[in-house]
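Novice: Just run-v1.cif, nothing more (mmCIF, C-alpha atoms):
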```
data_entry
loop_
_atom_site.label_atom_id
_atom_site.label_comp_id
_atom_site.auth_asym_id
_atom_site.auth_seq_id
_atom_site.Cartn_x
_atom_site.Cartn_y
_atom_site.Cartn_z
CA MET A 165 -6.14 2.82 46.23
CA ARG A 166 -5.69 6.57 46.33
CA VAL A 167 -7.65 9.48 44.96
CA LEU A 168 -6.91 10.92 41.55
CA GLY A 169 -5.20 14.17 42.44
CA GLU A 170 -4.03 17.23 40.63
CA GLY A 171 -0.46 15.94 40.60
CA ASP A 172 -1.60 12.75 38.87
CA ILE A 173 -3.41 14.68 36.17
CA LEU A 174 -0.36 16.88 35.60
CA PHE A 175 1.83 13.78 35.46
CA ILE A 176 -0.35 12.34 32.69
CA LEU A 177 -0.69 15.57 30.72
CA TRP A 178 3.03 16.32 30.99
CA ALA A 179 3.84 12.86 29.63
CA VAL A 180 2.63 14.15 26.27
CA ARG A 181 6.15 15.52 25.81
CA TRP A 182 7.44 11.95 25.46
CA THR A 183 4.72 11.17 22.93
CA LEU A 184 5.71 14.24 20.93
CA LEU A 185 9.44 13.62 21.27
CA LEU A 186 9.02 10.01 20.17
CA SER A 187 6.85 11.10 17.23
CA ILE A 188 9.36 13.69 16.11
CA THR A 189 12.32 11.31 16.48
CA ALA A 190 10.54 8.60 14.51
CA PHE A 191 9.44 11.12 11.91
CA ILE A 192 13.00 12.32 11.37
CA GLY A 193 14.43 8.79 11.39
CA GLY A 194 11.61 7.55 9.18
CA GLY A 195 12.00 10.56 6.90
CA LEU A 196 15.68 9.86 6.28
CA GLY A 197 15.01 6.16 5.78
CA GLY A 198 11.95 6.93 3.69
CA LEU A 199 13.99 9.11 1.35
CA LEU A 200 16.37 6.21 0.74
CA VAL A 201 13.45 3.84 0.23
CA ALA A 202 11.75 6.22 -2.20
CA LEU A 203 14.97 6.70 -4.19
CA ALA A 204 15.57 2.95 -4.26
CA ARG A 205 11.98 2.29 -5.33
CA THR A 206 12.34 4.68 -8.28
CA SER A 207 15.89 3.66 -9.21
CA GLU A 208 16.79 2.17 -12.56
CA PHE A 209 18.17 -0.99 -10.95
CA ALA A 210 15.55 -3.73 -10.87
CA TRP A 211 17.17 -5.58 -7.95
CA LEU A 212 17.12 -2.44 -5.80
CA ARG A 213 13.44 -1.88 -6.60
CA ALA A 214 12.69 -5.51 -5.75
CA ILE A 215 14.48 -5.42 -2.38
CA THR A 216 12.78 -2.21 -1.26
CA SER A 217 9.43 -3.45 -2.53
CA TRP A 218 9.73 -6.41 -0.14
CA TYR A 219 11.01 -4.13 2.63
CA ILE A 220 7.82 -2.11 2.29
CA LYS A 221 5.66 -5.25 2.09
CA VAL A 222 7.16 -6.62 5.31
CA PHE A 223 6.44 -3.44 7.27
CA GLN A 224 2.97 -2.96 5.80
CA GLY A 225 2.12 -6.64 6.23
CA THR A 226 3.03 -7.11 9.89
CA PRO A 227 1.58 -5.43 13.00
CA LEU A 228 3.39 -2.37 14.33
CA LEU A 229 3.22 -3.99 17.75
CA MET A 230 5.26 -6.97 16.49
CA GLN A 231 7.78 -4.59 14.90
CA LEU A 232 8.20 -2.88 18.27
CA PHE A 233 8.56 -6.21 20.09
CA LEU A 234 11.26 -7.30 17.65
CA ALA A 235 13.02 -3.92 17.91
CA PHE A 236 13.02 -4.51 21.66
CA PHE A 237 14.23 -8.12 21.67
CA MET A 238 16.39 -8.34 18.55
CA PRO A 239 19.33 -6.07 19.57
CA GLY A 240 19.86 -8.31 22.62
CA ILE A 241 20.77 -11.16 20.29
CA PHE A 242 23.68 -9.16 18.95
CA GLY A 243 24.76 -8.24 22.45
CA PHE A 244 23.28 -4.74 22.52
CA ASN A 245 20.91 -3.84 25.27
CA VAL A 246 18.29 -1.31 24.30
CA ASP A 247 15.96 0.50 26.64
CA PRO A 248 12.27 0.91 25.73
CA TRP A 249 12.93 4.43 24.40
CA MET A 250 15.59 3.21 21.94
CA ALA A 251 13.48 0.25 20.88
CA ALA A 252 10.40 2.40 20.31
CA ALA A 253 12.32 5.06 18.39
CA LEU A 254 14.02 2.39 16.28
CA GLY A 255 10.89 0.36 15.57
CA LEU A 256 8.76 3.38 14.72
CA SER A 257 11.53 4.84 12.51
CA PHE A 258 11.78 1.65 10.47
CA ASN A 259 8.02 1.46 10.22
CA ALA A 260 7.76 5.10 9.15
CA SER A 261 10.54 4.68 6.58
CA ALA A 262 8.52 2.01 4.78
CA PHE A 263 5.28 4.01 4.74
CA LEU A 264 6.91 7.35 3.90
CA GLY A 265 9.05 5.67 1.24
CA GLU A 266 5.93 4.34 -0.44
CA ILE A 267 4.14 7.71 -0.20
CA TRP A 268 7.13 9.57 -1.62
CA ARG A 269 7.66 7.02 -4.38
CA GLY A 270 4.15 7.83 -5.56
CA ALA A 271 4.89 11.56 -5.47
CA ILE A 272 8.16 11.15 -7.38
CA GLU A 273 6.44 9.06 -10.05
CA VAL A 274 3.80 11.74 -10.63
CA VAL A 275 6.49 14.14 -11.87
CA PRO A 276 6.49 13.74 -15.69
CA LYS A 277 9.33 11.63 -17.07
CA GLY A 278 10.16 14.36 -19.58
CA GLN A 279 11.46 16.48 -16.70
CA THR A 280 14.12 13.91 -15.86
CA GLU A 281 14.91 13.29 -19.51
CA ALA A 282 15.34 17.01 -20.14
CA ALA A 283 17.51 17.48 -17.05
CA ARG A 284 19.69 14.46 -17.84
CA SER A 285 20.16 15.54 -21.45
CA LEU A 286 21.26 18.93 -20.15
CA GLY A 287 24.03 17.09 -18.37
CA LEU A 288 22.66 17.10 -14.79
CA GLY A 289 23.74 14.09 -12.75
CA TYR A 290 21.39 11.72 -10.90
CA PHE A 291 21.46 13.59 -7.59
CA THR A 292 21.32 17.07 -9.11
CA ASN A 293 18.31 16.01 -11.15
CA MET A 294 16.63 14.28 -8.20
CA PHE A 295 17.13 17.01 -5.62
CA LEU A 296 16.87 20.12 -7.81
CA VAL A 297 14.35 19.06 -10.46
CA VAL A 298 12.19 16.10 -9.44
CA ILE A 299 11.83 16.34 -5.65
CA PRO A 300 10.94 20.06 -5.55
CA GLN A 301 8.02 19.28 -7.85
CA ALA A 302 7.08 16.12 -5.95
CA ILE A 303 6.98 17.85 -2.55
CA LYS A 304 3.72 19.64 -3.30
CA ILE A 305 1.93 16.35 -3.92
CA ALA A 306 3.69 14.58 -1.06
CA ILE A 307 2.87 16.98 1.77
CA PRO A 308 -0.80 16.10 2.48
CA PRO A 309 -0.31 12.31 2.69
CA THR A 310 2.91 12.84 4.67
CA ILE A 311 1.04 14.89 7.28
CA GLY A 312 -1.68 12.25 7.19
CA PHE A 313 0.92 9.61 7.98
CA LEU A 314 2.35 11.77 10.78
CA VAL A 315 -1.04 11.44 12.48
CA GLN A 316 -0.79 7.65 12.10
CA LEU A 317 2.70 7.81 13.59
CA ILE A 318 1.61 9.89 16.61
CA LYS A 319 -1.20 7.42 17.27
CA GLY A 320 1.28 4.58 16.77
CA THR A 321 3.53 5.88 19.55
CA SER A 322 0.81 4.76 21.99
CA LEU A 323 1.97 1.19 21.31
CA ALA A 324 5.36 2.07 22.81
CA SER A 325 3.52 1.86 26.15
CA ILE A 326 3.25 -1.91 25.63
CA ILE A 327 7.03 -2.34 25.58
CA GLY A 328 7.22 -0.19 28.69
CA PHE A 329 8.11 3.27 27.43
CA VAL A 330 6.41 5.86 29.63
CA GLU A 331 4.63 8.20 27.24
CA LEU A 332 1.07 9.49 27.39
CA THR A 333 -0.68 6.11 27.31
CA ARG A 334 1.71 4.39 29.74
CA ALA A 335 1.52 7.34 32.14
CA ALA A 336 -2.27 7.05 32.06
CA GLN A 337 -2.07 3.31 32.76
CA ILE A 338 0.28 3.85 35.68
CA ILE A 339 -2.01 6.43 37.29
CA ASN A 340 -5.06 4.32 36.50
CA ASN A 341 -3.52 1.32 38.26
CA ALA A 342 -3.08 3.42 41.40
CA THR A 343 -6.34 5.39 41.39
CA PHE A 344 -8.65 3.27 39.24
CA ARG A 345 -10.55 6.03 37.50
CA PRO A 346 -10.33 4.57 33.97
CA PHE A 347 -13.17 6.55 32.42
CA THR A 348 -11.86 9.96 33.49
CA ILE A 349 -8.24 9.13 32.78
CA PHE A 350 -8.64 7.60 29.36
CA THR A 351 -11.12 10.29 28.25
CA MET A 352 -8.52 12.86 29.21
CA VAL A 353 -5.78 11.03 27.33
CA ALA A 354 -8.00 10.62 24.27
CA ALA A 355 -8.64 14.36 24.38
CA VAL A 356 -4.89 15.08 24.42
CA TYR A 357 -4.29 12.82 21.41
CA PHE A 358 -7.21 14.47 19.66
CA ILE A 359 -5.87 17.97 20.31
CA VAL A 360 -2.52 16.96 18.83
CA CYS A 361 -3.85 14.97 15.88
CA PHE A 362 -6.98 16.79 14.76
CA PRO A 363 -5.31 20.01 13.54
CA LEU A 364 -2.83 17.94 11.54
CA SER A 365 -5.59 15.81 9.98
CA ALA A 366 -7.65 18.88 9.15
CA TRP A 367 -4.62 20.62 7.64
CA SER A 368 -3.74 17.58 5.54
CA LYS A 369 -7.33 17.27 4.32
CA ARG A 370 -7.57 20.94 3.40
CA MET A 371 -4.32 20.85 1.45
CA GLU A 372 -5.43 17.72 -0.36
CA GLU A 373 -8.68 19.38 -1.41
CA LYS A 374 -6.79 22.44 -2.62
CA LEU A 375 -4.47 20.23 -4.61
CA ARG A 376 -7.35 18.36 -6.19
CA VAL A 377 -8.86 21.64 -7.40
CA GLY A 378 -5.50 22.55 -8.90
CA VAL A 379 -5.26 19.28 -10.80
CA ARG A 380 -8.81 19.53 -12.10
CA MET B 10 27.01 -13.01 18.60
CA ASN B 11 26.80 -15.83 21.11
CA TYR B 12 23.07 -16.23 21.28
CA GLU B 13 21.59 -19.67 20.93
CA PHE B 14 18.37 -19.66 19.00
CA GLN B 15 15.81 -22.05 20.37
CA PHE B 16 13.01 -22.15 17.89
CA SER B 17 12.05 -25.67 18.97
CA ALA B 18 10.63 -24.14 22.14
CA VAL B 19 8.25 -22.18 19.93
CA PHE B 20 7.27 -24.98 17.61
CA GLU B 21 6.39 -27.17 20.59
CA SER B 22 3.43 -24.83 21.05
CA TRP B 23 2.43 -24.85 17.39
CA ASP B 24 -1.15 -25.77 18.25
CA GLU B 25 -1.52 -22.67 20.42
CA LEU B 26 -0.17 -20.52 17.60
CA ALA B 27 -2.44 -22.12 15.02
CA TYR B 28 -5.40 -21.61 17.30
CA GLY B 29 -4.32 -17.99 17.90
CA ALA B 30 -4.08 -17.35 14.16
CA LEU B 31 -7.54 -18.81 13.68
CA ASN B 32 -8.87 -16.53 16.43
CA THR B 33 -7.21 -13.53 14.80
CA LEU B 34 -8.88 -14.41 11.50
CA THR B 35 -12.29 -14.92 13.07
CA LEU B 36 -12.00 -11.73 15.11
CA SER B 37 -10.94 -9.57 12.16
CA ALA B 38 -13.41 -11.08 9.68
CA THR B 39 -16.30 -10.62 12.13
CA ALA B 40 -15.21 -7.07 12.93
CA MET B 41 -14.87 -6.25 9.23
CA ALA B 42 -18.30 -7.68 8.40
CA ILE B 43 -20.09 -5.81 11.20
CA GLY B 44 -17.94 -2.73 10.63
CA MET B 45 -18.96 -2.59 6.98
CA VAL B 46 -22.68 -2.82 7.81
CA VAL B 47 -22.23 0.08 10.24
CA ALA B 48 -20.15 1.91 7.63
CA VAL B 49 -22.80 1.56 4.92
CA LEU B 50 -25.47 2.89 7.30
CA GLY B 51 -23.14 5.68 8.38
CA ALA B 52 -22.32 6.58 4.78
CA LEU B 53 -26.03 6.73 3.91
CA GLY B 54 -26.60 8.93 6.96
CA LYS B 55 -23.70 11.14 5.99
CA THR B 56 -24.75 11.58 2.38
CA SER B 57 -28.52 11.83 2.76
CA GLY B 58 -29.37 12.19 6.46
CA PRO B 59 -30.59 15.30 8.30
CA ALA B 60 -28.05 17.90 9.40
CA TRP B 61 -27.85 16.75 13.04
CA LEU B 62 -27.11 13.19 11.93
CA ARG B 63 -24.45 14.35 9.49
CA ASN B 64 -22.79 16.40 12.22
CA PHE B 65 -22.92 13.49 14.63
CA ILE B 66 -21.37 11.11 12.08
CA ASN B 67 -18.67 13.64 11.21
CA ALA B 68 -17.80 14.09 14.88
CA TYR B 69 -17.66 10.31 15.31
CA ILE B 70 -15.32 9.90 12.34
CA GLU B 71 -12.95 12.66 13.48
CA LEU B 72 -12.95 11.43 17.07
CA ILE B 73 -12.07 7.87 16.11
CA ARG B 74 -9.55 8.76 13.42
CA ASN B 75 -7.63 11.17 15.63
CA THR B 76 -7.19 8.98 18.71
CA PRO B 77 -5.11 5.79 19.04
CA PHE B 78 -6.86 2.44 18.74
CA LEU B 79 -5.24 1.37 22.02
CA ILE B 80 -7.02 4.19 23.87
CA GLN B 81 -10.33 3.29 22.22
CA LEU B 82 -9.81 -0.28 23.36
CA PHE B 83 -9.04 0.84 26.94
CA MET B 84 -12.09 3.12 26.96
CA ILE B 85 -14.32 0.22 25.99
CA PHE B 86 -12.73 -2.41 28.21
CA PHE B 87 -11.79 -0.36 31.31
CA GLY B 88 -13.96 2.73 30.88
CA LEU B 89 -17.37 1.27 30.04
CA PRO B 90 -17.70 -0.68 33.32
CA SER B 91 -17.96 2.75 35.03
CA ALA B 92 -21.17 3.16 33.03
CA GLY B 93 -22.27 -0.28 34.15
CA ILE B 94 -21.38 -2.04 30.89
CA ARG B 95 -19.02 -4.92 31.55
CA LEU B 96 -17.66 -6.78 28.54
CA THR B 97 -15.47 -9.85 28.24
CA PRO B 98 -12.06 -9.22 26.62
CA ASN B 99 -13.20 -10.84 23.38
CA THR B 100 -16.40 -8.79 23.11
CA ALA B 101 -14.54 -5.60 24.00
CA ALA B 102 -11.92 -6.35 21.35
CA LEU B 103 -14.60 -7.00 18.73
CA LEU B 104 -16.50 -3.85 19.67
CA ALA B 105 -13.34 -1.70 19.59
CA LEU B 106 -12.38 -3.06 16.17
CA VAL B 107 -15.89 -2.46 14.83
CA VAL B 108 -15.95 1.10 16.19
CA ASN B 109 -12.53 1.78 14.70
CA ALA B 110 -13.07 0.12 11.32
CA SER B 111 -16.50 1.66 10.77
CA ALA B 112 -15.13 5.20 11.15
CA TYR B 113 -12.66 4.54 8.33
CA GLY B 114 -15.26 2.50 6.44
CA ILE B 115 -17.83 5.32 6.33
CA GLU B 116 -15.42 7.56 4.44
CA ILE B 117 -14.49 4.75 2.05
CA ILE B 118 -18.11 3.78 1.27
CA ARG B 119 -19.10 7.43 0.91
CA ALA B 120 -16.32 7.92 -1.64
CA GLY B 121 -17.69 4.89 -3.49
CA ILE B 122 -21.22 6.29 -3.55
CA GLU B 123 -20.02 9.69 -4.66
CA SER B 124 -17.92 8.22 -7.46
CA ILE B 125 -21.11 7.36 -9.37
CA GLN B 126 -22.24 10.20 -11.58
CA LYS B 127 -25.92 11.07 -11.44
CA GLY B 128 -26.15 10.99 -15.23
CA GLN B 129 -25.30 7.28 -15.18
CA ILE B 130 -28.28 6.49 -12.98
CA GLU B 131 -30.57 8.71 -15.03
CA ALA B 132 -29.38 7.06 -18.21
CA GLY B 133 -30.12 3.65 -16.70
CA LYS B 134 -33.64 4.72 -15.78
CA ALA B 135 -34.16 6.21 -19.21
CA LEU B 136 -33.24 2.88 -20.74
CA GLY B 137 -36.05 1.31 -18.74
CA LEU B 138 -34.02 -0.48 -16.06
CA LYS B 139 -35.78 -1.20 -12.78
CA PRO B 140 -34.34 0.42 -9.60
CA LEU B 141 -32.76 -2.84 -8.48
CA GLN B 142 -31.21 -3.34 -11.91
CA VAL B 143 -29.88 0.20 -11.85
CA PHE B 144 -28.29 -0.48 -8.48
CA ARG B 145 -26.86 -3.85 -9.46
CA LEU B 146 -25.67 -3.04 -12.96
CA ILE B 147 -24.79 0.65 -12.79
CA VAL B 148 -24.09 1.65 -9.20
CA LEU B 149 -22.67 -1.39 -7.41
CA LYS B 150 -19.81 -2.50 -9.61
CA PRO B 151 -18.21 0.90 -10.33
CA ALA B 152 -18.67 1.88 -6.69
CA VAL B 153 -16.92 -1.26 -5.48
CA GLN B 154 -14.28 -0.81 -8.17
CA ALA B 155 -13.60 2.73 -7.01
CA VAL B 156 -13.05 1.81 -3.38
CA TYR B 157 -11.77 -1.76 -3.70
CA PRO B 158 -8.11 -0.93 -2.94
CA SER B 159 -8.98 1.13 0.17
CA LEU B 160 -11.48 -1.46 1.33
CA THR B 161 -9.08 -4.38 1.07
CA SER B 162 -6.16 -2.54 2.66
CA GLN B 163 -8.54 -1.54 5.45
CA PHE B 164 -9.18 -5.21 6.10
CA ILE B 165 -5.45 -5.99 6.28
CA LEU B 166 -4.91 -3.00 8.59
CA LEU B 167 -7.72 -4.24 10.81
CA MET B 168 -6.21 -7.70 11.01
CA LEU B 169 -2.79 -6.27 11.94
CA ASN B 170 -4.40 -3.85 14.38
CA SER B 171 -6.17 -6.69 16.15
CA SER B 172 -2.77 -7.65 17.62
CA VAL B 173 -3.20 -4.68 19.97
CA CYS B 174 -6.16 -6.51 21.54
CA SER B 175 -3.62 -8.76 23.26
CA THR B 176 -3.23 -5.94 25.83
CA ILE B 177 -6.66 -6.77 27.27
CA ALA B 178 -6.01 -10.52 26.92
CA ALA B 179 -8.48 -11.11 24.11
CA SER B 180 -7.82 -14.47 22.50
CA GLU B 181 -5.84 -13.91 19.31
CA LEU B 182 -2.40 -14.56 17.86
CA THR B 183 -0.35 -11.97 19.76
CA ALA B 184 -1.90 -12.98 23.08
CA ALA B 185 -1.03 -16.60 22.30
CA ALA B 186 2.55 -15.47 21.65
CA GLY B 187 2.55 -13.62 24.98
CA ASP B 188 1.42 -16.76 26.80
CA ILE B 189 4.08 -18.91 25.18
CA GLN B 190 6.95 -16.52 25.84
CA SER B 191 5.91 -16.06 29.46
CA ARG B 192 6.40 -19.83 29.90
CA ASN B 193 9.62 -20.43 27.98
CA PHE B 194 11.22 -16.95 27.98
CA ARG B 195 12.16 -17.26 24.29
CA SER B 196 10.69 -13.84 23.56
CA PHE B 197 12.57 -13.14 20.36
CA GLU B 198 11.91 -16.53 18.83
CA VAL B 199 8.20 -16.44 19.65
CA TYR B 200 7.63 -12.93 18.35
CA PHE B 201 9.73 -13.60 15.26
CA VAL B 202 7.66 -16.65 14.34
CA VAL B 203 4.41 -14.80 15.04
CA THR B 204 5.50 -11.82 12.95
CA CYS B 205 6.17 -14.23 10.09
CA MET B 206 2.70 -15.71 10.61
CA TYR B 207 1.09 -12.27 10.34
CA PHE B 208 3.12 -11.61 7.22
CA VAL B 209 2.00 -14.86 5.63
CA LEU B 210 -1.62 -14.00 6.46
CA SER B 211 -1.15 -10.59 4.82
CA LEU B 212 0.41 -12.17 1.75
CA ILE B 213 -2.45 -14.65 1.46
CA PHE B 214 -5.06 -11.89 1.69
CA TRP B 215 -3.21 -9.64 -0.75
CA GLY B 216 -3.19 -12.61 -3.13
CA ILE B 217 -6.88 -13.39 -2.66
CA PHE B 218 -7.92 -9.75 -3.05
CA ASP B 219 -5.82 -9.41 -6.19
CA LEU B 220 -7.33 -12.57 -7.64
CA LEU B 221 -10.88 -11.42 -6.89
CA GLU B 222 -10.18 -8.06 -8.47
CA ARG B 223 -8.84 -9.67 -11.61
CA LYS B 224 -11.72 -12.08 -11.83
CA TYR B 225 -14.65 -9.80 -11.10
CA LEU B 226 -13.70 -6.15 -11.22
CA ARG B 227 -11.32 -5.55 -14.06
CA GLN B 228 -13.02 -4.17 -17.13
CA PRO B 229 -11.70 -3.45 -20.59
CA LYS B 230 -10.43 0.12 -20.49
CA THR B 231 -12.76 2.48 -22.28
CA ARG B 232 -10.65 5.60 -21.98
#
```
What does this structure look like when you write it as structure tokens?
Specialist:
Amino acid sequence: MRVLGEGDILFILWAVRWTLLLSITAFIGGGLGGLLVALARTSEFAWLRAITSWYIKVFQGTPLLMQLFLAFFMPGIFGFNVDPWMAAALGLSFNASAFLGEIWRGAIEVVPKGQTEAARSLGLGYFTNMFLVVIPQAIKIAIPPTIGFLVQLIKGTSLASIIGFVELTRAAQIINNATFRPFTIFTMVAAVYFIVCFPLSAWSKRMEEKLRVGVR
Amino acid sequence: MNYEFQFSAVFESWDELAYGALNTLTLSATAMAIGMVVAVLGALGKTSGPAWLRNFINAYIELIRNTPFLIQLFMIFFGLPSAGIRLTPNTAALLALVVNASAYGIEIIRAGIESIQKGQIEAGKALGLKPLQVFRLIVLKPAVQAVYPSLTSQFILLMLNSSVCSTIAASELTAAAGDIQSRNFRSFEVYFVVTCMYFVLSLIFWGIFDLLERKYLRQPKTR
């Protein structure tokens, strides 16, 4: 066993870049997927709504850890080999797409139906109506819960450590295995997560309160 | 695709999986029950306690909600022994789940308490109801109604979250899956079956919660 040195601490702290990169990647991937899910959930085709409803149920009804395990082991079946980074990014993106899709569906449904009816009767097509009329109004409502979910996602990236991706948590484990100073190391890591997540949570909460005043 | 699925290797260990699922249920139900007691106390402290207690509870909530559950689990299992507190994996898992769930629970219960308008309670008293009757007839049901969806989804989240406890080798479903796949190397098959098991558990609970809501909580709409 060796002593916990300055280099070790820097190694752990610097690993936050992988946590952030993974969060951002999954947020972008999940955002694109989530948009599709939200559009499918609000579509006029019943079968499309049914499929995406089950898609959401599956991701909200199974552990994120299992989703990451399957993202890690499943591609191998089709002959693709994925490294832990790919698996984590893929698993978290799919997970985020289900949650964001459900959040955004709610926001889209809050926009009064008359808006769509008016736009369609003016001759706007589906996409023009969606992207120029409905979504701009839905965004205001969607932002606070979306930021709230981003915090969930950042915390969720810690599970990527279990499939072997070296981000903040895995880096802490590696150093802890060599130096065995769990209390110091995990307190430090918790502090880093807190510094990243707390401002986002606070921001989301403040916006939500502002919005509630507006509605009232 | 030239992969040969071998699910039989998984089903050979069905008893381990069934036992693991039972452990997951026991662990999450216990954690939820204790977590809710802590949450009710915390919510009372937050709504009507002295300033220092309110600050302490707020700090606790923010700390827990802005750090990953995995780190909380590691702090309790690997960190606490530094303070001389050594817990078995199962106790550490239970404690971590309680700590985590109660932080979310406090906010949920508080929202329930605050959803009751003061005028309702005053009206109940004016009609001559005893305090217990006021609580049972006027406060309890609307409060539970208001937070029922958050409360039930919190339980499902807790159950799914408990899979993370496999990292400290607590006995539950994911750990059972880990044991099985380390013997037969059919990782995909094992985790696929276990994921389906979690999903079935979620579906069952969604169903039960929906049924309970329909039976006990739905009221004729007055507005």
Novice: Go ahead and compute the interatomic distance for atom CA of Ala30 of chain B and atom CA of Tyr113 of chain B, in Å to one decimal.
Specialist: 24.2 Å
Novice: Can you work out which residues from chain A touch chain B at a cut-off of 9 Å (counting all atoms listed in the file) and hand them back as an MDAnalysis selection string?
Specialist: chainID A and resid 221:231 233:234 236:238 240:243 315:316 318:323 326 333 345:351 353:362 365
Novice: Once the PyMOL selection byres ((chain B and resi 119-133) around 12) has been evaluated on this model, what residues remain selected, and can you format them as a ChimeraX atom specification?
Specialist: /B:45,48-57,66,111-118,134-160
Novice: Counting all atoms listed in the file, which residues sit no farther than 10 Å from the position (5.0, -19.5, 26.3) in the file's frame? I'd like them as a PyMOL selection string.
Specialist: chain B and resi 18-19+21-22+25+185-196+199
Novice: So the first atom is atom CA of Gln301 of chain A and the second is atom CA of Ala283 of chain A; what is the distance between them in Å, to one decimal place?
Specialist: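 Atom CA of Ala283 of chain A lies at a distance of 13.3 Å from atom CA of Gln301 of chain A.
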Novice: Excluding segment 294-299 of chain A and any residue of its chain fewer than 5 positions from it, enumerate the residues within 9 Å of it, using all atoms listed in the file, and give them as a tab-separated table (two decimals) with C-alpha atoms, keeping the file's coordinate frame.
Specialist:
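Wrote it out as selection17.tsv, contents follow:
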```tsv
chain	number	residue	atom	x	y	z
A	203	LEU	CA	14.97	6.70	-4.19
A	271	ALA	CA	4.89	11.56	-5.47
A	272	ILE	CA	8.16	11.15	-7.38
A	275	VAL	CA	6.49	14.14	-11.87
A	276	PRO	CA	6.49	13.74	-15.69
A	279	GLN	CA	11.46	16.48	-16.70
A	280	THR	CA	14.12	13.91	-15.86
A	283	ALA	CA	17.51	17.48	-17.05
A	289	GLY	CA	23.74	14.09	-12.75
```
